[in-house]
2 protein chains.
Amino acid sequence: MDRSNAYPITYGVLGLLAFWGPQSGYDLKRLFDHSLSPMWGAAHSQIYHELRRMKDLGWVEMEREEQESRPDRKVYSITPRGSEALASWQAQPASVLQLRDELLLKILFGSFASHDDLAANLKKGIAEHEMRLLNYRQNLQYIPTRGERIQEGRRHNPYTEADEGDPFFTLIARFAIEFENAYLRWLYETLAFLEENEIPKQ
Amino acid sequence: MDRSNAYPITYGVLGLLAFWGPQSGYDLKRLFDHSLSPMWGAAHSQIYHELRRMKDLGWVEMEREEQESRPDRKVYSITPRGSEALASWQAQPASVLQLRDELLLKILFGSFASHDDLAANLKKGIAEHEMRLLNYRQNLQYIPTRGERIQEGRRHNPYTEADEGDPFFTLIARFAIEFENAYLRWLYETLAFLEENEIPKQ
DNA sequence: TATATCATGTAATCGGTTACATGATTAA
DNA sequence: TTAATCATGTAACCGATTACATGATATA
């Protein structure tokens with residue numbers, strides 16, 4: 001629980017602090033939802049938890065911003081030791097990916113499902129991934145610029161044109177789009193295959 | 001722990017029992033490693049756990065096979081109630097995918113890494129995914145056939161030519177290959193981009 | 001009037017991984 | 001002689017999700 005270990009999610013929060021400058025837990029949750037969600041989601045409870053752990057580790061500092069009629073904002077910023085931790089994480093090999101996609105499991109065992117159940121799940125998958133694709137395409141036009149964001153502080157529009165933006169965000173956005181395209185292509189082909197091979201009910 | 005709920009991993013084990021016929025925990029672990037591992041991995045401890053839980057639910061039955069000089073094999077088979085559970089799982093919508101790929105996280109925060117660290121991680125990713133692709137391509141030639149496997153029992157070669165095999169296994173194998181191809185294409189492009197834009201050390 | 005946003009946290013649970021534990025057989 | 005295979009389990013831990021808890025402001 002309060003161990004001194006760090007995990008991908010820890011560095012996710014730390015990286016966002018390094019990139020965007022000082023943020024509250026609430027801000028970080030929105031950044032997660034906006035830029036990381038389908039790549040690495042996080043509940044707000046977990047973000048608050050990681051912040052406390054990193055404070056204990058000396059990787060972040062906290063400053064309290066008082067507000068009338070609302071809970072104080074606790075604004076966290078990365079410390080030099082946090083920056084070191086982030087860099088040494090980058091020097092370590094990444095753990096290997098596991099998909100864990102329930103839809104794929106269902107298709108794999110499709111011989112135990114009715115045609116209609118399979119088709120329904122495929123269509124739900126198509127809707128879901130089409131929506132993601134739209135989202136990513138829009139995001140690609142608004143890639144953040146690091147320097148600006150940190151200098152001007154929070155609460156202004158953090159986006160600039162894609163061609164001035166952080167090249168790594170652009171690379172990841174491209175990945176997301178290509179992944180969704182490949183997934184969708186397969187979903188449509190699979191659905192078509194099922195419809196062709198359906199044995200019609202008498 | 002011993003709750004009466006079921007999760008994707010539960011149905012993964014149940015589906016394997018339905019497809020391949022009676023198996024021991026040890027057999028199931030190998031089937032997982034062979035056919036499901038990068039899609040939905042499972043430690044042997046978890047498989048044994050799911051088997052006990054499903055026995056309590058009446059979804060599987062256990063029969064003890066005595067052996068000299070080795071622990072008894074406990075062979076599990078799916079019950080009619082297990083088949084019902086599998087079918088009703090297929091009727092429910094699948095949960096949505098989250099990638100949770102640490103490599104993507106590292107690339108996203110690539111502005112806090114050295115060129116060499118990034119390149120090393122990309123190259124490790126390339127090696128990993130090339131290996132998977134090879135594996136999937138080999139698997140595609142040997143797709144299991146359900147009926148045979150169950151009738152003839154375990155411990156014979158369970159594979160037949162792809163064109164006679166289960167169509168769903170073929171569909172999933174195609175997905176896996178297309179996914180790895182898309183991922184690899186992106187990895188190579190990203191690595192090339194980094195090499196082009198490297199600021200050489202003085 | 002009801003929902004959404006702002007803002008932070010605790011508690012409970014659980015899915016999943018890693019380590020621990022045992023021990024015979026067989027092939028390199 | 002070392003490692004891999006066969007074979008099954010327990011224990012500890014922890015990352016992550018879900019639910020619980022509070023309460024003001026602004027918008028529909």
# chains A, B, ... in the order shown; residues from 1 in each chain; ligands from 1
>>> residues_around(residues="Lys124 of chain A", least_positions_apart="3", cutoff="10 Å", atoms="only C-alpha atoms (C1' of nucleotides)", output="list in words")
Leu103, Leu118, Ala119, Ala120, Asn121, Ala127, Glu128, His129 and Glu130 of chain A; Pro93, Ala94 and Val96 of chain B
>>> select_by_dssp(residues="segment 39-147 of chain B", states="strand (DSSP E)", output="number ranges by chain")
B: 60-65, 73-78, 142-144
>>> select_by_dssp(residues="segment 90-201 of chain B", states="alpha helix (DSSP H)", output="ChimeraX atom specification")
/B:90,102-108,115-140,146-152,167-196
>>> atom_distance(atom1="atom CA of Arg53 of chain B", atom2="atom CA of Leu97 of chain B")
25.3 Å
>>> interface_residues(of="chain A", to="chain B", cutoff="6 Å", atoms="only C-alpha atoms", output="count of residues only")
21
>>> closest_residue(among="B:Gly25, B:Glu68, B:Glu61, B:Phe32", to="Tyr48 of chain B", atoms="only C-alpha atoms")
B:Gly25
>>> interface_residues(of="chain C", to="chain A", cutoff="10 Å", atoms="only C-alpha atoms (C1' of nucleotides)", output="PDB file with N, CA and C atoms (P, O5', C5', C4', C3', O3' and C1' of nucleotides), in the first residue's frame")
ATOM      1  P    DC C   6     -15.065  21.567 -13.922  1.00  0.00           P
ATOM      2  O5'  DC C   6     -14.938  21.859 -12.355  1.00  0.00           O
ATOM      3  C5'  DC C   6     -15.148  23.185 -11.861  1.00  0.00           C
ATOM      4  C4'  DC C   6     -15.070  23.165 -10.354  1.00  0.00           C
ATOM      5  C3'  DC C   6     -13.731  22.636  -9.804  1.00  0.00           C
ATOM      6  O3'  DC C   6     -13.196  23.579  -8.894  1.00  0.00           O
ATOM      7  C1'  DC C   6     -15.563  21.598  -8.732  1.00  0.00           C
ATOM      8  P    DA C   7     -11.670  23.579  -8.585  1.00  0.00           P
ATOM      9  O5'  DA C   7     -11.541  22.264  -7.688  1.00  0.00           O
ATOM     10  C5'  DA C   7     -11.570  22.407  -6.274  1.00  0.00           C
ATOM     11  C4'  DA C   7     -11.638  21.089  -5.585  1.00  0.00           C
ATOM     12  C3'  DA C   7     -10.691  19.960  -6.021  1.00  0.00           C
ATOM     13  O3'  DA C   7      -9.429  20.148  -5.405  1.00  0.00           O
ATOM     14  C1'  DA C   7     -12.783  19.202  -5.111  1.00  0.00           C
ATOM     15  P    DT C   8      -8.344  18.935  -5.422  1.00  0.00           P
ATOM     16  O5'  DT C   8      -8.862  17.966  -4.267  1.00  0.00           O
ATOM     17  C5'  DT C   8      -9.015  18.499  -2.960  1.00  0.00           C
ATOM     18  C4'  DT C   8      -9.547  17.432  -2.043  1.00  0.00           C
ATOM     19  C3'  DT C   8      -8.666  16.186  -1.946  1.00  0.00           C
ATOM     20  O3'  DT C   8      -8.067  16.121  -0.674  1.00  0.00           O
ATOM     21  C1'  DT C   8     -10.983  15.652  -2.060  1.00  0.00           C
ATOM     22  P    DG C   9      -6.748  15.273  -0.477  1.00  0.00           P
ATOM     23  O5'  DG C   9      -7.358  13.796  -0.303  1.00  0.00           O
ATOM     24  C5'  DG C   9      -7.642  13.474   0.995  1.00  0.00           C
ATOM     25  C4'  DG C   9      -8.922  12.687   1.094  1.00  0.00           C
ATOM     26  C3'  DG C   9      -8.735  11.196   1.255  1.00  0.00           C
ATOM     27  O3'  DG C   9      -8.224  10.940   2.542  1.00  0.00           O
ATOM     28  C1'  DG C   9     -10.806  11.813   0.223  1.00  0.00           C
ATOM     29  P    DT C  10      -7.708   9.500   2.878  1.00  0.00           P
ATOM     30  O5'  DT C  10      -9.058   8.705   3.167  1.00  0.00           O
ATOM     31  C5'  DT C  10      -9.953   9.166   4.173  1.00  0.00           C
ATOM     32  C4'  DT C  10     -11.053   8.126   4.349  1.00  0.00           C
ATOM     33  C3'  DT C  10     -10.534   6.721   4.661  1.00  0.00           C
ATOM     34  O3'  DT C  10     -11.373   6.161   5.653  1.00  0.00           O
ATOM     35  C1'  DT C  10     -11.834   6.671   2.676  1.00  0.00           C
TER      36       DT C  10
END
>>> interface_residues(of="chain D", to="chain B", cutoff="8 Å", atoms="only C-alpha atoms (C1' of nucleotides)", output="ChimeraX atom specification")
/D:6-9
>>> residues_around(residues="DA3 of chain D", least_positions_apart="6", cutoff="12 Å", atoms="only C-alpha atoms (C1' of nucleotides)", output="list in words")
DT26, DA27 and DA28 of chain C
>>> write_last_selection(atoms="N, CA and C atoms (P, O5', C5', C4', C3', O3' and C1' of nucleotides)", output="mmCIF file, in the first residue's frame")
data_model
loop_
_atom_site.group_PDB
_atom_site.id
_atom_site.type_symbol
_atom_site.label_atom_id
_atom_site.label_comp_id
_atom_site.auth_asym_id
_atom_site.auth_seq_id
_atom_site.Cartn_x
_atom_site.Cartn_y
_atom_site.Cartn_z
ATOM 1 P P DT C 26 11.128 -41.886 -16.296
ATOM 2 O "O5'" DT C 26 11.739 -40.859 -17.348
ATOM 3 C "C5'" DT C 26 10.939 -39.782 -17.840
ATOM 4 C "C4'" DT C 26 11.832 -38.718 -18.444
ATOM 5 C "C3'" DT C 26 12.999 -39.265 -19.283
ATOM 6 O "O3'" DT C 26 13.016 -38.593 -20.519
ATOM 7 C "C1'" DT C 26 13.763 -37.618 -17.791
ATOM 8 P P DA C 27 13.556 -39.331 -21.851
ATOM 9 O "O5'" DA C 27 14.384 -38.155 -22.528
ATOM 10 C "C5'" DA C 27 13.801 -36.866 -22.648
ATOM 11 C "C4'" DA C 27 14.858 -35.799 -22.436
ATOM 12 C "C3'" DA C 27 16.107 -35.935 -23.329
ATOM 13 O "O3'" DA C 27 16.323 -34.700 -23.970
ATOM 14 C "C1'" DA C 27 16.735 -35.596 -21.078
ATOM 15 P P DA C 28 17.357 -34.586 -25.177
ATOM 16 O "O5'" DA C 28 18.483 -33.609 -24.600
ATOM 17 C "C5'" DA C 28 18.130 -32.276 -24.240
ATOM 18 C "C4'" DA C 28 19.299 -31.616 -23.531
ATOM 19 C "C3'" DA C 28 20.608 -31.607 -24.322
ATOM 20 O "O3'" DA C 28 21.202 -30.310 -24.252
ATOM 21 C "C1'" DA C 28 20.953 -32.615 -22.200
#
>>> residues_around(residues="DT27 of chain D", least_positions_apart="6", cutoff="10 Å", atoms="only C-alpha atoms (C1' of nucleotides)", output="ChimeraX atom specification")
/C:3-5
